[in-house]
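Here is the file structure14.cif (mmCIF, C-alpha atoms).
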data_start
loop_
_atom_site.label_atom_id
_atom_site.label_comp_id
_atom_site.auth_asym_id
_atom_site.auth_seq_id
_atom_site.Cartn_x
_atom_site.Cartn_y
_atom_site.Cartn_z
CA MET A 75 -26.97 -29.64 116.41
CA THR A 76 -24.69 -26.93 117.75
CA TYR A 77 -21.57 -28.97 116.95
CA ARG A 78 -22.68 -29.70 113.37
CA ALA A 79 -23.51 -26.04 112.71
CA ALA A 80 -20.11 -24.99 113.97
CA ILE A 81 -18.32 -27.35 111.56
CA ILE A 82 -20.38 -26.15 108.55
CA GLY A 83 -19.65 -22.50 109.37
CA ALA A 84 -15.93 -23.17 109.59
CA CYS A 85 -15.89 -24.88 106.18
CA PHE A 86 -17.77 -22.02 104.55
CA THR A 87 -15.27 -19.51 105.99
CA LEU A 88 -12.34 -21.46 104.56
CA LEU A 89 -13.92 -21.67 101.07
CA VAL A 90 -14.53 -17.90 100.85
CA ALA A 91 -11.03 -17.12 102.00
CA GLY A 92 -9.52 -19.49 99.39
CA ALA A 93 -11.50 -17.89 96.58
CA PHE A 94 -10.24 -14.42 97.38
CA ALA A 95 -6.73 -15.75 97.71
CA VAL A 96 -6.63 -16.74 94.02
CA GLY A 97 -8.20 -13.42 92.81
CA GLN A 98 -11.61 -14.71 91.70
CA THR A 99 -14.51 -12.23 91.61
CA LEU A 100 -17.95 -13.11 92.66
CA ASP A 101 -19.27 -13.31 89.02
CA GLY A 102 -16.63 -15.89 87.97
CA ALA A 103 -14.53 -13.60 85.66
CA PRO A 104 -10.80 -13.28 86.34
CA ASP A 105 -9.67 -10.07 88.06
CA ALA A 106 -7.24 -8.24 85.86
CA SER A 107 -5.53 -6.65 88.87
CA VAL A 108 -4.61 -9.97 90.38
CA SER A 109 -2.17 -12.40 88.77
CA ALA A 110 -0.05 -15.30 89.77
CA PRO A 111 3.61 -14.68 90.58
CA ALA A 112 5.73 -14.61 87.42
CA ASP A 113 8.01 -17.36 88.67
CA GLN A 114 5.15 -19.75 89.56
CA PRO A 115 4.65 -22.49 86.96
CA SER A 116 1.17 -22.68 85.59
CA ALA A 117 0.97 -26.34 86.56
CA THR A 118 1.15 -25.41 90.30
CA ARG A 119 -1.54 -22.80 90.10
CA PRO A 120 -4.79 -23.76 91.72
CA ALA A 121 -7.36 -24.79 89.20
CA VAL A 122 -10.43 -22.60 89.24
CA ILE A 123 -13.53 -23.64 87.34
CA ALA A 124 -15.56 -20.58 86.39
CA PRO A 125 -19.20 -20.88 85.56
CA TRP A 126 -19.81 -21.11 81.70
CA THR A 127 -21.21 -18.11 79.87
CA ALA A 128 -22.07 -17.91 76.10
CA PRO A 129 -19.59 -15.90 73.93
CA PRO A 130 -20.92 -12.62 72.48
CA ALA A 131 -22.24 -12.82 68.87
CA THR A 132 -19.85 -11.34 66.23
CA THR A 133 -19.41 -11.21 62.42
CA THR A 134 -15.69 -10.51 62.49
CA PRO A 135 -13.77 -13.42 60.96
CA PRO A 136 -11.18 -15.05 63.20
CA ALA A 137 -7.71 -13.64 62.98
CA ALA A 138 -5.26 -15.51 60.81
CA PRO A 139 -2.66 -17.47 62.74
CA PRO A 140 0.83 -15.95 63.04
CA ILE A 141 3.07 -16.78 60.12
CA ASP A 142 5.45 -18.69 62.37
CA VAL A 143 2.71 -21.03 63.59
CA VAL A 144 3.08 -24.43 62.01
CA LYS A 145 -0.25 -26.10 61.37
CA PRO A 146 -0.42 -29.80 61.67
CA ALA A 147 -0.11 -31.52 58.37
CA ALA A 148 -3.34 -32.70 56.87
CA PRO A 149 -3.60 -36.38 56.23
CA GLU A 150 -2.39 -37.30 52.75
CA PRO A 151 -5.37 -37.92 50.49
CA ALA A 152 -5.78 -41.21 48.78
CA PRO A 153 -4.72 -41.21 45.11
CA ALA A 154 -7.56 -40.30 42.74
CA PRO A 155 -8.62 -42.90 40.21
CA VAL A 156 -7.19 -42.40 36.72
CA THR A 157 -9.80 -41.16 34.21
CA THR A 158 -9.61 -40.07 30.56
CA ALA A 159 -10.47 -36.38 30.00
CA PRO A 160 -13.03 -35.65 27.28
CA ALA A 161 -11.78 -34.01 24.07
CA THR A 162 -11.74 -30.21 24.11
CA ASP A 163 -11.06 -27.42 21.63
CA THR A 164 -8.01 -26.26 23.57
CA PRO A 165 -5.01 -26.38 21.21
CA ALA A 166 -2.16 -28.64 22.09
CA PRO A 167 0.89 -26.94 23.62
CA ALA A 168 3.61 -25.88 21.19
CA VAL A 169 6.32 -28.45 20.66
CA ALA A 170 9.85 -27.21 20.19
CA SER A 171 10.53 -29.30 17.12
CA PRO A 172 11.96 -27.91 13.87
CA THR A 173 9.28 -26.92 11.34
CA PRO A 174 10.07 -27.47 7.65
CA LEU A 175 10.58 -24.20 5.80
CA PRO A 176 8.40 -23.40 2.76
CA PRO A 177 10.07 -23.96 -0.60
CA GLU A 178 11.99 -20.97 -1.93
CA LYS A 179 10.06 -18.77 -4.32
CA PRO A 180 11.69 -19.02 -7.75
CA SER A 181 13.30 -15.83 -8.94
CA ILE A 182 12.16 -14.07 -12.09
CA ALA A 183 15.29 -15.26 -13.87
CA ASP A 184 14.57 -18.86 -12.92
CA LYS A 185 10.98 -18.63 -14.08
CA ALA A 186 12.00 -16.96 -17.31
CA ASP A 187 14.04 -20.02 -18.23
CA ARG A 188 11.02 -22.28 -17.84
CA LYS A 189 9.16 -22.48 -21.11
CA ASP A 190 5.92 -23.49 -19.42
CA GLU A 191 5.85 -20.39 -17.18
CA PRO A 192 7.16 -17.38 -19.12
CA VAL A 193 7.30 -14.21 -17.07
CA PRO A 194 5.44 -11.24 -18.58
CA ALA A 195 7.93 -8.74 -19.94
CA LYS A 196 6.13 -5.92 -18.11
CA GLN A 197 7.30 -7.41 -14.80
CA LEU A 198 10.89 -7.60 -15.95
CA PHE A 199 11.13 -4.06 -17.31
CA SER A 200 9.13 -2.34 -14.57
CA ALA A 201 11.51 -3.84 -12.00
CA GLU A 202 14.45 -1.88 -13.46
CA LYS A 203 14.75 1.53 -11.79
CA LEU A 204 17.69 2.87 -13.82
CA PRO A 205 18.57 2.83 -17.54
CA SER A 206 21.10 0.47 -19.04
CA LEU A 207 24.66 1.32 -19.96
CA GLY A 208 25.35 1.83 -23.63
CA LYS A 209 24.69 4.28 -26.42
CA ALA A 210 21.13 5.59 -26.47
CA MET A 211 19.05 3.63 -29.00
CA ALA A 212 15.37 2.98 -29.60
CA ILE A 213 14.94 -0.73 -30.31
CA GLY A 214 11.98 -2.43 -32.01
CA TYR A 215 8.47 -1.12 -32.66
CA TYR A 216 6.53 1.35 -30.52
CA PRO A 217 4.35 -1.39 -28.91
CA ARG A 218 7.06 -4.10 -29.14
CA GLY A 219 10.45 -2.79 -28.11
CA CYS A 220 12.79 -1.39 -25.51
CA LEU A 221 15.22 1.45 -24.85
CA GLN A 222 18.97 1.32 -24.40
CA GLY A 223 20.85 4.13 -22.65
CA GLY A 224 17.74 6.15 -21.82
CA VAL A 225 17.93 9.65 -20.38
CA ALA A 226 15.58 11.36 -17.95
CA LEU A 227 13.60 14.54 -18.41
CA PRO A 228 14.05 16.69 -15.27
CA VAL A 229 10.82 16.65 -13.28
CA ASN A 230 10.80 20.47 -13.16
CA GLY A 231 11.73 22.81 -15.99
CA PRO A 232 11.20 26.48 -16.84
CA THR A 233 7.99 25.68 -18.72
CA TRP A 234 7.11 22.11 -17.70
CA GLN A 235 6.44 19.83 -14.76
CA VAL A 236 6.31 16.03 -14.80
CA MET A 237 3.26 14.30 -13.34
CA ARG A 238 2.81 10.87 -11.67
CA LEU A 239 6.39 10.65 -10.43
CA SER A 240 5.72 7.38 -8.61
CA ARG A 241 5.54 5.60 -11.99
CA ASN A 242 9.17 6.44 -12.85
CA ARG A 243 8.24 6.98 -16.50
CA ASN A 244 10.04 10.24 -17.29
CA TRP A 245 12.69 8.47 -19.41
CA GLY A 246 13.22 8.44 -23.15
CA HIS A 247 15.56 8.59 -26.09
CA PRO A 248 17.53 11.87 -26.13
CA SER A 249 15.47 13.01 -29.15
CA LEU A 250 12.29 12.83 -27.02
CA VAL A 251 13.80 14.89 -24.22
CA GLN A 252 14.99 17.45 -26.78
CA PHE A 253 11.51 17.59 -28.30
CA LEU A 254 9.95 18.43 -24.93
CA GLU A 255 12.57 21.07 -24.21
CA ARG A 256 11.58 22.76 -27.52
CA PHE A 257 7.85 22.15 -27.37
CA ALA A 258 7.22 23.34 -23.79
CA PRO A 259 8.27 26.98 -24.29
CA ALA A 260 6.71 27.09 -27.79
CA ALA A 261 3.37 25.81 -26.46
CA ALA A 262 3.47 28.25 -23.56
CA LYS A 263 4.03 31.13 -25.97
CA ALA A 264 1.25 30.05 -28.37
CA THR A 265 -1.37 29.47 -25.67
CA GLY A 266 -0.44 32.02 -23.04
CA TRP A 267 0.00 29.24 -20.51
CA LYS A 268 2.84 29.19 -17.99
CA GLY A 269 3.91 25.81 -19.34
CA ILE A 270 2.85 22.20 -19.89
CA LEU A 271 2.24 19.14 -17.73
CA VAL A 272 4.09 16.05 -18.95
CA GLY A 273 2.55 12.63 -18.39
CA ASP A 274 4.08 9.26 -19.18
CA MET A 275 7.16 8.91 -21.35
CA ALA A 276 8.89 5.50 -20.97
CA GLN A 277 10.37 3.35 -18.24
CA PRO A 278 14.15 3.54 -17.68
CA ARG A 279 14.72 0.67 -20.13
CA GLY A 280 11.48 1.02 -22.04
CA GLY A 281 9.58 -2.19 -22.65
CA PRO A 282 5.96 -3.01 -21.77
CA THR A 283 4.46 -1.14 -18.81
CA PRO A 284 2.39 -2.84 -16.10
CA PHE A 285 -0.61 -0.64 -16.95
CA GLY A 286 -1.69 2.35 -18.99
CA HIS A 287 -0.17 1.77 -22.43
CA MET A 288 0.44 -0.66 -25.24
CA SER A 289 3.10 1.59 -26.70
CA HIS A 290 5.62 3.89 -24.91
CA GLN A 291 8.16 1.05 -25.16
CA THR A 292 10.98 2.53 -27.27
CA GLY A 293 11.40 5.91 -25.59
CA LEU A 294 9.77 7.84 -28.48
CA ASP A 295 6.25 8.40 -27.07
CA VAL A 296 5.01 10.99 -24.57
CA ASP A 297 1.66 12.10 -23.18
CA VAL A 298 1.12 15.82 -22.55
CA TRP A 299 -1.96 16.94 -20.64
CA PHE A 300 -4.56 19.39 -21.90
CA MET A 301 -4.23 21.22 -18.56
CA PRO A 302 -2.04 24.34 -18.34
CA MET A 303 0.85 24.23 -15.89
CA PRO A 304 -0.04 26.12 -12.67
CA GLY A 305 1.96 29.07 -11.41
CA HIS A 306 3.47 27.10 -8.50
CA THR A 307 5.59 23.99 -8.25
CA LEU A 308 3.26 21.07 -7.65
CA SER A 309 3.85 18.90 -4.60
CA SER A 310 4.40 15.16 -4.92
CA ASP A 311 0.87 14.60 -3.62
CA GLU A 312 -0.64 16.98 -6.18
CA ARG A 313 1.25 15.29 -9.01
CA GLU A 314 -0.32 11.97 -8.00
CA LYS A 315 -3.90 13.11 -7.42
CA VAL A 316 -4.61 15.98 -9.84
CA SER A 317 -6.56 14.83 -12.91
CA ALA A 318 -6.29 16.15 -16.45
CA ILE A 319 -9.15 18.03 -18.15
CA ASN A 320 -11.62 16.11 -20.32
CA LEU A 321 -12.34 18.08 -23.49
CA VAL A 322 -15.04 15.73 -24.85
CA GLY A 323 -18.78 15.79 -24.19
CA THR A 324 -20.75 13.00 -22.57
CA ASP A 325 -21.98 11.68 -25.95
CA TRP A 326 -18.34 11.21 -27.05
CA LYS A 327 -19.25 12.67 -30.45
CA SER A 328 -18.42 16.33 -29.87
CA ILE A 329 -16.23 18.53 -27.71
CA ASN A 330 -17.31 19.89 -24.33
CA PRO A 331 -17.76 23.68 -24.79
CA LYS A 332 -17.18 24.20 -21.07
CA THR A 333 -13.62 22.84 -21.21
CA TRP A 334 -12.54 23.22 -24.84
CA THR A 335 -10.82 26.54 -25.69
CA PRO A 336 -9.04 27.97 -28.78
CA GLN A 337 -5.79 27.58 -26.81
CA HIS A 338 -6.16 23.82 -27.04
CA TYR A 339 -6.22 24.10 -30.82
CA ASP A 340 -2.92 26.02 -30.75
CA PHE A 341 -1.48 23.57 -28.25
CA ILE A 342 -2.08 20.66 -30.68
CA ARG A 343 -0.93 22.69 -33.69
CA VAL A 344 2.42 23.56 -32.16
CA ALA A 345 3.04 19.90 -31.26
CA ALA A 346 2.29 18.70 -34.81
CA GLN A 347 4.57 21.36 -36.32
CA GLN A 348 7.67 20.28 -34.39
CA PRO A 349 10.39 18.52 -36.44
CA GLY A 350 10.64 14.77 -36.07
CA VAL A 351 6.99 14.29 -35.02
CA GLU A 352 5.35 11.21 -36.55
CA ARG A 353 1.88 11.37 -34.93
CA VAL A 354 -0.18 13.50 -32.56
CA LEU A 355 -3.01 11.30 -31.28
CA VAL A 356 -6.23 12.89 -29.98
CA ASN A 357 -9.83 11.86 -29.38
CA ALA A 358 -11.92 11.73 -32.57
CA ALA A 359 -14.27 14.45 -31.29
CA ILE A 360 -11.28 16.81 -30.92
CA LYS A 361 -10.09 16.03 -34.43
CA LYS A 362 -13.59 16.71 -35.77
CA GLU A 363 -13.72 20.10 -34.03
CA MET A 364 -10.33 21.09 -35.45
CA CYS A 365 -11.51 20.14 -38.94
CA ARG A 366 -14.61 22.32 -38.45
CA MET A 367 -12.53 25.29 -37.28
CA GLN A 368 -10.32 25.11 -40.41
CA GLY A 369 -13.17 25.07 -42.87
CA ALA A 370 -12.71 23.53 -46.31
CA LYS A 371 -8.92 23.84 -46.47
CA HIS A 372 -6.66 22.07 -43.99
CA PRO A 373 -2.93 22.68 -43.41
CA ASP A 374 -0.39 19.94 -44.02
CA TRP A 375 0.38 19.39 -40.34
CA MET A 376 -3.25 18.20 -39.84
CA GLU A 377 -2.28 14.91 -41.48
CA LYS A 378 -0.25 14.06 -38.37
CA VAL A 379 -3.18 14.73 -36.00
CA ARG A 380 -4.96 11.39 -35.89
CA PRO A 381 -7.86 10.02 -33.84
CA TRP A 382 -7.33 7.20 -31.39
CA TYR A 383 -9.20 5.58 -28.53
CA ALA A 384 -9.41 7.70 -25.37
CA HIS A 385 -6.97 10.65 -25.61
CA HIS A 386 -9.73 13.01 -24.44
CA ASP A 387 -7.56 14.58 -21.71
CA HIS A 388 -4.10 14.56 -23.32
CA ILE A 389 -2.23 14.44 -26.59
CA HIS A 390 0.05 11.53 -27.40
CA VAL A 391 3.10 12.64 -29.37
CA ARG A 392 5.11 10.00 -31.23
CA LEU A 393 8.49 10.73 -32.80
CA GLU A 394 10.08 9.22 -35.88
CA CYS A 395 12.81 6.60 -35.51
CA PRO A 396 16.12 8.39 -34.82
CA ALA A 397 18.94 8.03 -37.31
CA ASP A 398 21.19 6.54 -34.58
CA SER A 399 18.80 3.63 -33.94
CA PRO A 400 19.11 1.09 -36.79
CA ASN A 401 16.99 -1.48 -34.90
CA CYS A 402 14.06 0.93 -34.54
CA ARG A 403 11.08 -0.06 -36.69
CA PRO A 404 9.30 2.97 -38.18
CA GLN A 405 5.54 3.40 -38.25
CA PRO A 406 3.90 3.43 -41.69
CA SER A 407 3.46 6.93 -43.05
CA VAL A 408 0.10 8.62 -42.53
CA PRO A 409 -2.30 8.38 -45.47
CA ASP A 410 -2.15 11.27 -47.92
CA SER A 411 -5.24 12.77 -46.34
CA ASP A 412 -6.10 15.41 -43.79
CA GLY A 413 -8.22 12.87 -41.91
CA CYS A 414 -11.37 15.01 -41.91
CA GLY A 415 -14.85 14.27 -43.26
CA ALA A 416 -15.75 10.66 -44.07
CA ALA A 417 -12.42 9.48 -42.64
CA LEU A 418 -13.86 10.12 -39.16
CA ASP A 419 -17.09 8.17 -39.60
CA TYR A 420 -15.64 4.95 -38.22
CA TRP A 421 -14.71 6.60 -34.92
CA PHE A 422 -18.34 7.55 -34.23
CA SER A 423 -19.80 4.13 -35.04
CA ASP A 424 -21.30 1.83 -32.42
CA LYS A 425 -18.32 -0.47 -32.86
CA VAL A 426 -16.13 2.18 -31.26
CA LEU A 427 -18.55 4.04 -28.98
CA LYS A 428 -20.49 0.97 -27.81
CA PRO A 429 -18.11 -1.99 -28.00
CA LYS A 430 -19.39 -5.41 -27.04
CA PRO A 431 -18.20 -6.49 -23.59
CA ARG A 432 -15.83 -9.40 -23.37
CA PRO A 433 -17.65 -12.66 -22.64
CA PRO A 434 -17.51 -13.58 -18.94
CA GLY A 435 -14.93 -16.19 -18.19
CA GLY A 436 -13.11 -15.56 -21.44
CA LYS A 437 -9.42 -16.18 -21.57
CA PRO A 438 -7.42 -12.94 -21.18
CA PRO A 439 -4.92 -12.01 -23.87
CA ARG A 440 -1.53 -13.61 -23.54
CA PRO A 441 0.92 -11.13 -22.02
CA ILE A 442 3.98 -10.04 -23.97
CA THR A 443 7.08 -11.97 -22.96
CA LEU A 444 10.75 -11.33 -23.53
CA ALA A 445 10.62 -13.75 -26.48
CA ASP A 446 8.13 -11.43 -28.22
CA LEU A 447 10.58 -8.51 -28.21
CA PRO A 448 13.68 -7.98 -30.36
CA PRO A 449 16.66 -10.11 -29.20
CA ALA A 450 18.57 -6.94 -28.29
CA CYS A 451 16.02 -6.26 -25.52
CA LYS A 452 17.34 -9.24 -23.58
CA THR A 453 20.78 -7.64 -23.63
CA VAL A 454 19.29 -4.31 -22.50
CA LEU A 455 17.57 -6.00 -19.61
CA ALA A 456 20.73 -7.80 -18.47
CA ALA A 457 23.06 -4.79 -18.87
CA PRO A 458 24.51 -2.95 -15.85
CA ALA A 459 22.67 0.15 -14.71
CA LYS A 460 23.75 3.60 -15.79
CA SER A 461 23.87 6.34 -13.19
CA PRO A 462 21.29 9.13 -13.78
CA THR A 463 24.18 11.63 -13.81
CA GLU A 464 26.07 9.89 -16.61
#

Whole structure, structure tokens version:
Amino acid sequence: MTYRAAIIGACFTLLVAGAFAVGQTLDGAPDASVSAPADQPSATRPAVIAPWTAPPATTTPPAAPPIDVVKPAAPEPAPAPVTTAPATDTPAPAVASPTPLPPEKPSIADKADRKDEPVPAKQLFSAEKLPSLGKAMAIGYYPRGCLQGGVALPVNGPTWQVMRLSRNRNWGHPSLVQFLERFAPAAAKATGWKGILVGDMAQPRGGPTPFGHMSHQTGLDVDVWFMPMPGHTLSSDEREKVSAINLVGTDWKSINPKTWTPQHYDFIRVAAQQPGVERVLVNAAIKKEMCRMQGAKHPDWMEKVRPWYAHHDHIHVRLECPADSPNCRPQPSVPDSDGCGAALDYWFSDKVLKPKPRPPGGKPPRPITLADLPPACKTVLAAPAKSPTE
């Protein structure tokens, strides 16, 4: 028994000494202060089996491997079976193939030569921004004609200003420009106004307008507003947006006493008294009021003041055909009458004041074409442009 106990004690002493020789603590964790010699390969170090302990719980994700660590390649997956995808609304990708261009839009000249598609003359004449070369002449009739060698009325004058400049309708035969240069100061003197506001005259080469008038085609017509010229030069915006004064009441049978003044009577009188004037068109209610103001006897110039549709906010002055315009067609002379009394009855009938509306779906009137105008208008349209300074 004594011999066996001595052997067991010796073995125990050797085991404890070996454990401390490799730096192992009593709880099985490595001692940080003890390490193997740097030159000793890890394969020769004595293997120490520490007792297992559970790792502490944590929610921190594992650190990503260094970027120079090469992970083993995953096994190559087996090829997926080929299937047909269901149809979707996703558009197909663009294909870089040439797309056919749309057919060229025919020019106005090309369309004009096609008898089945005549171009309205209003499109042809409104497209011209300058007058034609050549001697100034009024050609054709007031609602069926054109203007050669037109001249412009300056948009600002001592006693006038031109309105609606965007329309480019301040052109006319020289006799019309001369009329306005005479009439403006005479009207200002008779009414006490600072001057007049000039509306539409004609386009640079006359002809039908896209909107607003049936006449004004030969450069011999002009609209002048019933509104006095203000004391300042109107801006472009004001000239487009300011509206003329309506002198007629809501029943369209009498004047509006809130807007009509004796100055308007003198304004119309001075226009009708100017030389070369053929007509001064006004609303029938204005003509009736002038007849009332004159009593039983009416002056000769009243024959030229004639009623016409609308014309409640401006006068329409029409000049006679000039002597230098042999192709100008004159208007028939006014009847030998002052136009008062029973002559006005028609203008206050239901036919005029309450016209029947056009049936829905009815065919619109055929537009005027170049073939409807005098042959000389084709030459005017094709002529080179004249500079405004010429």

Check: Selected by the PyMOL selection byres ((chain A and resi 396-410) around 6) in the shown coordinates: which residues, as a list in words?
Finding: Met211, Ala212, Ile213, Gly214, Tyr215, Cys395 and Ser411 of chain A

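Each of A:Asn330, A:Ser249, A:Thr453, A:Thr233 was checked against Trp267 in chain A using all atoms listed in the file; the smallest atom-to-atom distance is that of A:Thr233.
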
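Near Lys209 in chain A, within 12 Å and counting all atoms listed in the file, sit Leu221, Gln222, Gly223, Gly224, Val225, His247, Pro248, Asp398, Ser399, Val454, Ala457, Lys460 and Glu464 of chain A, not including residues fewer than 6 positions from it in the same chain.
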
Check: Rounded to one decimal in Å, what is the spacing between CA of Ser328 in chain A and CA of Phe422 in chain A?
Finding: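 A separation of 9.8 Å between them.
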
Note to self: Show me, as an MDAnalysis selection string, the residues that have an atom within 10 Å of Gly305 in chain A when counting only C-alpha atoms, minus same-chain residues fewer than 3 positions from it.
What the structure shows: chainID A and resid 267:269 302 308

Next item on the list: Name every residue that the PyMOL selection byres ((chain A and resi 277) around 7) selects in this structure, writing the answer as an MDAnalysis selection string with chains first and numbers rising.
Entry: chainID A and resid 200 242:245 276 278:280

Notebook entry, point to check: Could you state the separation of CA of Glu312 in chain A and CA of Glu255 in chain A in Å, given to one decimal place?
Noted result: 22.7 Å

Next item on the list: Figure out the distance between CA of Val356 in chain A and CA of Ser310 in chain A, please, to one decimal in Å.
Entry: 27.3 Å

Item checked: Residue contacts of Phe257 in chain A (12 Å, all atoms listed in the file) excluding same-chain residues fewer than 3 positions away, as JSON, numbers by chain -> {"A": [232, 233, 234, 250, 251, 252, 253, 254, 260, 261, 262, 263, 264, 265, 269, 270, 271, 272, 296, 298, 340, 341, 342, 343, 344, 345, 346, 347, 348, 349, 350, 351, 391]}

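Compared by their closest atoms to Arg238 in chain A, and using only C-alpha atoms, the residues A:Arg313, A:Lys437, A:Arg218, A:Lys371 rank with A:Arg313 nearest.
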